[in-house]
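The file query.cif contains mmCIF, C-alpha atoms and all ligand atoms:
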data_run
#
loop_
_atom_site.label_atom_id
_atom_site.label_comp_id
_atom_site.auth_asym_id
_atom_site.auth_seq_id
_atom_site.Cartn_x
_atom_site.Cartn_y
_atom_site.Cartn_z
CA MET A 937 70.32 -4.78 -83.13
CA VAL A 938 72.71 -6.75 -85.31
CA GLN A 939 71.52 -7.38 -88.84
CA TRP A 940 72.57 -10.83 -90.01
CA PRO A 941 72.81 -11.50 -93.74
CA TRP A 942 69.82 -13.85 -93.62
CA GLN A 943 67.69 -11.25 -91.89
CA ARG A 944 66.91 -9.25 -94.98
CA ARG A 945 65.68 -5.81 -94.10
CA PRO A 946 62.82 -4.76 -96.33
CA VAL A 947 63.39 -1.86 -98.66
CA CYS A 948 60.99 0.90 -99.57
CA ARG A 949 59.07 0.09 -102.73
CA ILE A 950 59.09 3.75 -103.78
CA CYS A 951 62.59 5.08 -103.06
CA GLY A 952 64.48 1.85 -102.40
CA ALA A 953 65.87 2.97 -99.02
CA ASP A 954 66.34 0.49 -96.19
CA MET A 955 63.28 0.72 -93.97
CA THR A 956 63.67 1.54 -90.31
CA ARG A 957 62.56 -1.22 -88.00
CA GLU A 958 60.92 -0.46 -84.68
CA THR A 959 59.18 -2.69 -82.19
CA VAL A 960 55.97 -1.04 -81.06
CA ALA A 961 52.77 -1.76 -79.19
CA TYR A 962 49.49 -1.65 -81.05
CA SER A 963 46.03 -1.12 -79.62
CA ALA A 964 42.75 -1.87 -81.34
CA PRO A 965 39.38 -3.29 -80.39
CA ASP A 966 38.85 -6.94 -81.20
CA ALA A 967 35.90 -8.41 -83.09
CA GLU A 968 33.72 -8.09 -79.98
CA GLY A 969 34.66 -4.45 -79.41
CA ARG A 970 36.82 -5.09 -76.36
CA PRO A 971 40.13 -3.20 -76.14
CA ARG A 972 43.11 -5.34 -77.11
CA ARG A 973 46.80 -4.52 -77.03
CA TRP A 974 49.48 -6.25 -79.07
CA GLU A 975 53.11 -6.23 -77.98
CA GLY A 976 56.05 -7.10 -80.19
CA VAL A 977 54.57 -5.57 -83.33
CA VAL A 978 57.36 -4.61 -85.72
CA GLN A 979 56.74 -1.35 -87.50
CA TYR A 980 58.64 -0.74 -90.73
CA SER A 981 58.75 2.78 -92.06
CA CYS A 982 60.63 4.56 -94.81
CA PRO A 983 63.30 6.99 -93.53
CA ASN A 984 62.46 9.31 -96.44
CA GLY A 985 58.84 9.59 -95.43
CA CYS A 986 57.19 7.48 -98.16
CA THR A 987 53.80 5.97 -97.34
CA THR A 988 55.14 2.42 -97.67
CA GLY A 989 55.29 1.72 -93.93
CA PHE A 990 53.63 -1.40 -92.60
CA LEU A 991 53.18 -3.37 -89.41
CA ASP A 992 54.48 -6.91 -88.97
CA PHE A 993 52.32 -8.93 -86.59
CA ARG A 994 54.19 -12.23 -87.02
CA ARG A 995 55.81 -12.05 -83.60
CA ALA A 996 53.06 -10.04 -81.93
CA PHE A 997 51.12 -11.31 -78.96
CA VAL A 998 48.01 -10.01 -77.26
CA VAL A 999 48.30 -8.64 -73.75
CA GLY A 1000 45.76 -7.03 -71.49
CA GLU A 1001 43.00 -9.60 -71.76
CA PRO A 1002 41.00 -8.68 -68.68
CA SER A 1003 41.84 -11.32 -66.10
CA SER A 1004 38.18 -11.35 -65.04
CA ASP A 1005 37.33 -12.54 -68.56
CA ARG A 1006 39.69 -15.48 -68.20
CA ARG A 1007 38.44 -16.30 -64.71
CA LEU A 1008 34.82 -16.15 -65.87
CA ARG A 1009 35.55 -18.51 -68.76
CA ARG A 1010 37.32 -20.99 -66.43
CA GLN A 1011 34.38 -20.77 -64.02
CA GLN A 1012 31.91 -21.46 -66.83
CA VAL A 1013 33.88 -24.55 -67.88
CA ALA A 1014 33.97 -25.76 -64.26
CA TRP A 1015 30.22 -25.27 -63.91
CA THR A 1016 29.53 -27.11 -67.16
CA VAL A 1017 31.62 -30.09 -66.00
CA THR A 1018 29.91 -30.03 -62.59
CA GLY A 1019 26.51 -29.88 -64.26
CA ILE A 1020 27.26 -32.89 -66.44
CA LEU A 1021 28.50 -34.90 -63.43
CA VAL A 1022 25.42 -33.97 -61.39
CA ALA A 1023 23.10 -34.88 -64.29
CA VAL A 1024 24.81 -38.27 -64.80
CA GLY A 1025 24.69 -38.96 -61.05
CA LEU A 1026 21.04 -37.99 -60.83
CA VAL A 1027 20.03 -40.23 -63.74
CA ALA A 1028 22.06 -43.13 -62.31
CA MET A 1029 20.40 -42.66 -58.91
CA TYR A 1030 16.94 -42.51 -60.48
CA VAL A 1031 17.55 -45.74 -62.42
CA LEU A 1032 18.87 -47.40 -59.24
CA PHE A 1033 15.82 -46.30 -57.24
CA MET A 1034 13.41 -47.54 -59.91
CA TYR A 1035 15.25 -50.87 -60.09
CA ALA A 1036 15.26 -51.20 -56.28
CA ILE A 1037 11.51 -50.52 -56.07
CA ALA A 1038 10.93 -53.13 -58.79
CA ALA A 1039 13.17 -55.65 -56.99
CA ILE A 1040 11.63 -55.31 -53.53
CA PRO A 1041 8.58 -57.55 -53.04
CA LEU A 1042 5.75 -55.01 -52.62
CA ALA A 1043 2.03 -54.79 -53.23
CA GLY A 1044 1.30 -53.49 -56.75
CA ALA A 1045 -0.30 -50.25 -55.61
CA VAL A 1046 2.54 -49.47 -53.17
CA ARG A 1047 5.13 -50.12 -55.89
CA ILE A 1048 3.36 -47.78 -58.34
CA GLY A 1049 3.03 -45.16 -55.61
CA LEU A 1050 6.76 -45.34 -54.82
CA TRP A 1051 7.59 -45.13 -58.53
CA VAL A 1052 5.46 -42.02 -58.94
CA ALA A 1053 6.88 -40.45 -55.75
CA THR A 1054 10.46 -41.16 -56.87
CA THR A 1055 9.82 -39.76 -60.37
CA VAL A 1056 8.20 -36.59 -58.98
CA GLY A 1057 11.05 -36.19 -56.47
CA PHE A 1058 13.79 -36.52 -59.04
CA ALA A 1059 11.93 -34.26 -61.49
CA THR A 1060 11.70 -31.60 -58.75
CA VAL A 1061 15.41 -31.89 -57.91
CA GLY A 1062 16.28 -31.72 -61.61
CA ALA A 1063 14.10 -28.64 -62.15
CA LEU A 1064 15.57 -26.91 -59.08
CA LEU A 1065 19.06 -27.54 -60.43
CA VAL A 1066 18.32 -26.44 -64.01
CA LEU A 1067 16.04 -23.42 -63.49
CA PRO A 1068 18.37 -21.14 -61.45
CA ALA A 1069 21.24 -21.84 -63.87
CA ARG A 1070 19.04 -20.84 -66.82
CA ARG A 1071 17.84 -17.68 -65.06
CA GLU A 1072 21.46 -16.81 -64.23
CA ARG A 1073 22.54 -17.31 -67.84
CA ILE A 1074 19.81 -14.94 -69.07
CA ALA A 1075 20.85 -12.35 -66.46
CA ALA A 1076 24.53 -12.74 -67.40
CA ALA A 1077 23.75 -12.34 -71.11
CA SER A 1078 21.89 -9.07 -70.51
CA ALA A 1079 24.53 -7.78 -68.10
CA GLN A 1080 27.40 -8.51 -70.48
CA ALA A 1081 26.42 -5.90 -73.08
CA PRO A 1082 27.13 -2.73 -71.01
CA ALA A 1083 30.14 -4.36 -69.31
CA ALA A 1084 31.89 -4.83 -72.66
CA ALA A 1085 31.74 -1.08 -73.35
CA THR A 1086 33.61 -0.04 -70.19
CA PRO A 1087 37.34 0.55 -70.75
CA VAL A 1088 39.84 -1.78 -69.18
CA SER A 1089 41.41 -0.32 -66.07
CA PRO A 1090 45.23 -0.52 -65.94
CA GLY A 1091 45.03 -2.54 -62.73
CA SER A 1092 43.30 -5.49 -64.33
CA ARG A 1093 45.77 -5.61 -67.17
CA GLN A 1094 48.11 -8.58 -67.28
CA THR A 1095 51.79 -7.82 -67.52
CA PRO A 1096 53.43 -9.49 -70.51
CA ALA A 1097 55.52 -12.51 -69.68
ZN ZN B 1101 60.76 5.49 -99.36
#
Take the structure I supplied and represent it as structure tokens, if you would.
Amino acid sequence: MVQWPWQRRPVCRICGADMTRETVAYSAPDAEGRPRRWEGVVQYSCPNGCTTGFLDFRRAFVVGEPSSDRRLRRQQVAWTVTGILVAVGLVAMYVLFMYAIAAIPLAGAVRIGLWVATTVGFATVGALLVLPARRERIAAASAQAPAAATPVSPGSRQTPA
């Protein structure tokens, strides 16, 4: 690689020799203990063997994020958006039903009966929508702990762009 004058090569702080520059890959677990691999890490080391070597992560990028992780996150976002839309739709429908029952000329007892029936119906639908999602989230949280410990298989690794 050509060394331009403005690309100052660092020198060893102990012996003053020009440090050798090598682009390497670096593997380490991230904060959550999952294996992570950095590409484009520049390793500087002293040719005379001093302990002044260091790693430059300025141009490094992470590769090997399990694609299932990314898919799961996208799925969670999609489900959250869907959930919000369903909730808004359900509330709007409930309000519309209540308004319609109030607007239709009915006997007082019939109107109250319809209001109660509509409220119970919507509450049931709401509970049926919310409860399985909550149960699933608890199951996912407990299943995630052992899954994080398993090593990433080479097949699921993403090739760097
Ligand atoms: Zn040195």
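Each of A:Pro971, A:Gly1025, A:Pro965, A:Pro983 was compared to ligand ZN 1101 (chain B) using all atoms listed in the file, and A:Pro983 turns out to be the nearest.
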Taking all atoms listed in the file into account, which residues are within 7 Å of ligand ZN 1101 (chain B), as a PyMOL selection string? chain A and resi 948-953+982-986+988
Which residue gives the smallest distance to Gly989 in chain A among A:Ile1074, A:Ala964, A:Leu1067, A:Met955, with all atoms listed in the file counted? A:Met955
Residues around (18.5, -38.0, -57.8), cut-off 12 Å, counting all atoms listed in the file - what are they as a PDB file with C-alpha atoms, keeping the file's coordinate frame?
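Below is the file that was written, point_35.pdb:
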ATOM      1  CA  LEU A1021      28.500 -34.900 -63.430  1.00  0.00           C
ATOM      2  CA  VAL A1022      25.420 -33.970 -61.390  1.00  0.00           C
ATOM      3  CA  ALA A1023      23.100 -34.880 -64.290  1.00  0.00           C
ATOM      4  CA  VAL A1024      24.810 -38.270 -64.800  1.00  0.00           C
ATOM      5  CA  GLY A1025      24.690 -38.960 -61.050  1.00  0.00           C
ATOM      6  CA  LEU A1026      21.040 -37.990 -60.830  1.00  0.00           C
ATOM      7  CA  VAL A1027      20.030 -40.230 -63.740  1.00  0.00           C
ATOM      8  CA  ALA A1028      22.060 -43.130 -62.310  1.00  0.00           C
ATOM      9  CA  MET A1029      20.400 -42.660 -58.910  1.00  0.00           C
ATOM     10  CA  TYR A1030      16.940 -42.510 -60.480  1.00  0.00           C
ATOM     11  CA  VAL A1031      17.550 -45.740 -62.420  1.00  0.00           C
ATOM     12  CA  LEU A1032      18.870 -47.400 -59.240  1.00  0.00           C
ATOM     13  CA  PHE A1033      15.820 -46.300 -57.240  1.00  0.00           C
ATOM     14  CA  MET A1034      13.410 -47.540 -59.910  1.00  0.00           C
ATOM     15  CA  THR A1054      10.460 -41.160 -56.870  1.00  0.00           C
ATOM     16  CA  THR A1055       9.820 -39.760 -60.370  1.00  0.00           C
ATOM     17  CA  VAL A1056       8.200 -36.590 -58.980  1.00  0.00           C
ATOM     18  CA  GLY A1057      11.050 -36.190 -56.470  1.00  0.00           C
ATOM     19  CA  PHE A1058      13.790 -36.520 -59.040  1.00  0.00           C
ATOM     20  CA  ALA A1059      11.930 -34.260 -61.490  1.00  0.00           C
ATOM     21  CA  THR A1060      11.700 -31.600 -58.750  1.00  0.00           C
ATOM     22  CA  VAL A1061      15.410 -31.890 -57.910  1.00  0.00           C
ATOM     23  CA  GLY A1062      16.280 -31.720 -61.610  1.00  0.00           C
ATOM     24  CA  ALA A1063      14.100 -28.640 -62.150  1.00  0.00           C
ATOM     25  CA  LEU A1064      15.570 -26.910 -59.080  1.00  0.00           C
ATOM     26  CA  LEU A1065      19.060 -27.540 -60.430  1.00  0.00           C
TER      27      LEU A1065
END
Between CA of Arg994 in chain A and CA of Arg1007 in chain A, what is the distance, to one decimal in Å? 27.6 Å
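Of note, CA of Arg1071 in chain A and CA of Glu968 in chain A are spaced 23.8 Å apart.
The spacing separating CA of Ser963 in chain A from CA of Val998 in chain A amounts to 9.4 Å.
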Extending 8 Å beyond the listed atoms of range 1042-1053 of chain A on each side, what axis-aligned box results? I want centre and edge lengths in Å to one decimal, as JSON.
{"center_x": 3.6, "center_y": -47.7, "center_z": -55.8, "size_x": 23.9, "size_y": 30.6, "size_z": 22.3}
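Nearest residue to Tyr980 in chain A among A:Arg944, A:Arg957, A:Arg1047, A:Arg1070 is A:Arg957, counting all atoms listed in the file.
Comparing A:Leu1008, A:Val1066, A:Glu975, A:Phe997 by their smallest distance to Ile1020 in chain A, the closest is A:Val1066 (using all atoms listed in the file).
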If I only have part of range 945-972 of chain A, can you fill in N, CA and C atoms and write it as a compact mmCIF listing (two decimals), keeping the file's coordinate frame?
# COMPACT_ATOMS: atom_id res chain seq x y z
N ARG A 945 66.47 -6.95 -94.49
CA ARG A 945 65.68 -5.81 -94.10
C ARG A 945 64.86 -5.37 -95.31
N PRO A 946 63.59 -5.17 -95.15
CA PRO A 946 62.82 -4.76 -96.33
C PRO A 946 63.20 -3.36 -96.80
N VAL A 947 63.08 -3.17 -98.08
CA VAL A 947 63.39 -1.86 -98.66
C VAL A 947 62.11 -1.19 -99.12
N CYS A 948 62.15 0.12 -99.14
CA CYS A 948 60.99 0.90 -99.57
C CYS A 948 60.70 0.64 -101.05
N ARG A 949 59.44 0.39 -101.35
CA ARG A 949 59.07 0.09 -102.73
C ARG A 949 59.10 1.34 -103.61
N ILE A 950 59.11 2.51 -102.99
CA ILE A 950 59.09 3.75 -103.78
C ILE A 950 60.51 4.29 -104.00
N CYS A 951 61.26 4.48 -102.90
CA CYS A 951 62.59 5.08 -103.06
C CYS A 951 63.73 4.09 -102.91
N GLY A 952 63.45 2.87 -102.49
CA GLY A 952 64.48 1.85 -102.40
C GLY A 952 65.35 1.93 -101.17
N ALA A 953 65.05 2.82 -100.24
CA ALA A 953 65.87 2.97 -99.02
C ALA A 953 65.56 1.83 -98.06
N ASP A 954 66.56 1.48 -97.25
CA ASP A 954 66.34 0.49 -96.19
C ASP A 954 65.31 1.05 -95.21
N MET A 955 64.33 0.23 -94.86
CA MET A 955 63.28 0.72 -93.97
C MET A 955 63.75 0.64 -92.52
N THR A 956 63.31 1.57 -91.72
CA THR A 956 63.67 1.54 -90.31
C THR A 956 62.71 0.58 -89.60
N ARG A 957 63.30 -0.15 -88.67
CA ARG A 957 62.56 -1.22 -88.00
C ARG A 957 62.42 -0.81 -86.54
N GLU A 958 61.18 -0.89 -86.05
CA GLU A 958 60.92 -0.46 -84.68
C GLU A 958 59.86 -1.37 -84.07
N THR A 959 60.15 -1.85 -82.88
CA THR A 959 59.18 -2.69 -82.19
C THR A 959 58.23 -1.79 -81.41
N VAL A 960 56.96 -1.93 -81.68
CA VAL A 960 55.97 -1.04 -81.06
C VAL A 960 54.83 -1.86 -80.44
N ALA A 961 54.01 -1.17 -79.70
CA ALA A 961 52.77 -1.76 -79.19
C ALA A 961 51.62 -1.22 -80.03
N TYR A 962 50.59 -2.02 -80.18
CA TYR A 962 49.49 -1.65 -81.05
C TYR A 962 48.18 -1.94 -80.35
N SER A 963 47.31 -0.95 -80.30
CA SER A 963 46.03 -1.12 -79.62
C SER A 963 44.88 -1.00 -80.62
N ALA A 964 43.95 -1.91 -80.49
CA ALA A 964 42.75 -1.87 -81.34
C ALA A 964 41.68 -2.74 -80.72
N PRO A 965 40.43 -2.41 -80.93
CA PRO A 965 39.38 -3.29 -80.39
C PRO A 965 39.31 -4.58 -81.19
N ASP A 966 38.98 -5.66 -80.50
CA ASP A 966 38.85 -6.94 -81.20
C ASP A 966 37.47 -7.05 -81.85
N ALA A 967 37.16 -8.22 -82.37
CA ALA A 967 35.90 -8.41 -83.09
C ALA A 967 34.68 -8.14 -82.22
N GLU A 968 34.84 -8.32 -80.89
CA GLU A 968 33.72 -8.09 -79.98
C GLU A 968 33.75 -6.70 -79.37
N GLY A 969 34.62 -5.84 -79.87
CA GLY A 969 34.66 -4.45 -79.41
C GLY A 969 35.43 -4.23 -78.12
N ARG A 970 36.07 -5.27 -77.61
CA ARG A 970 36.82 -5.09 -76.36
C ARG A 970 38.22 -4.57 -76.70
N PRO A 971 38.79 -3.71 -75.85
CA PRO A 971 40.13 -3.20 -76.14
C PRO A 971 41.18 -4.31 -76.06
N ARG A 972 42.04 -4.35 -77.07
CA ARG A 972 43.11 -5.34 -77.11
C ARG A 972 44.41 -4.63 -77.42
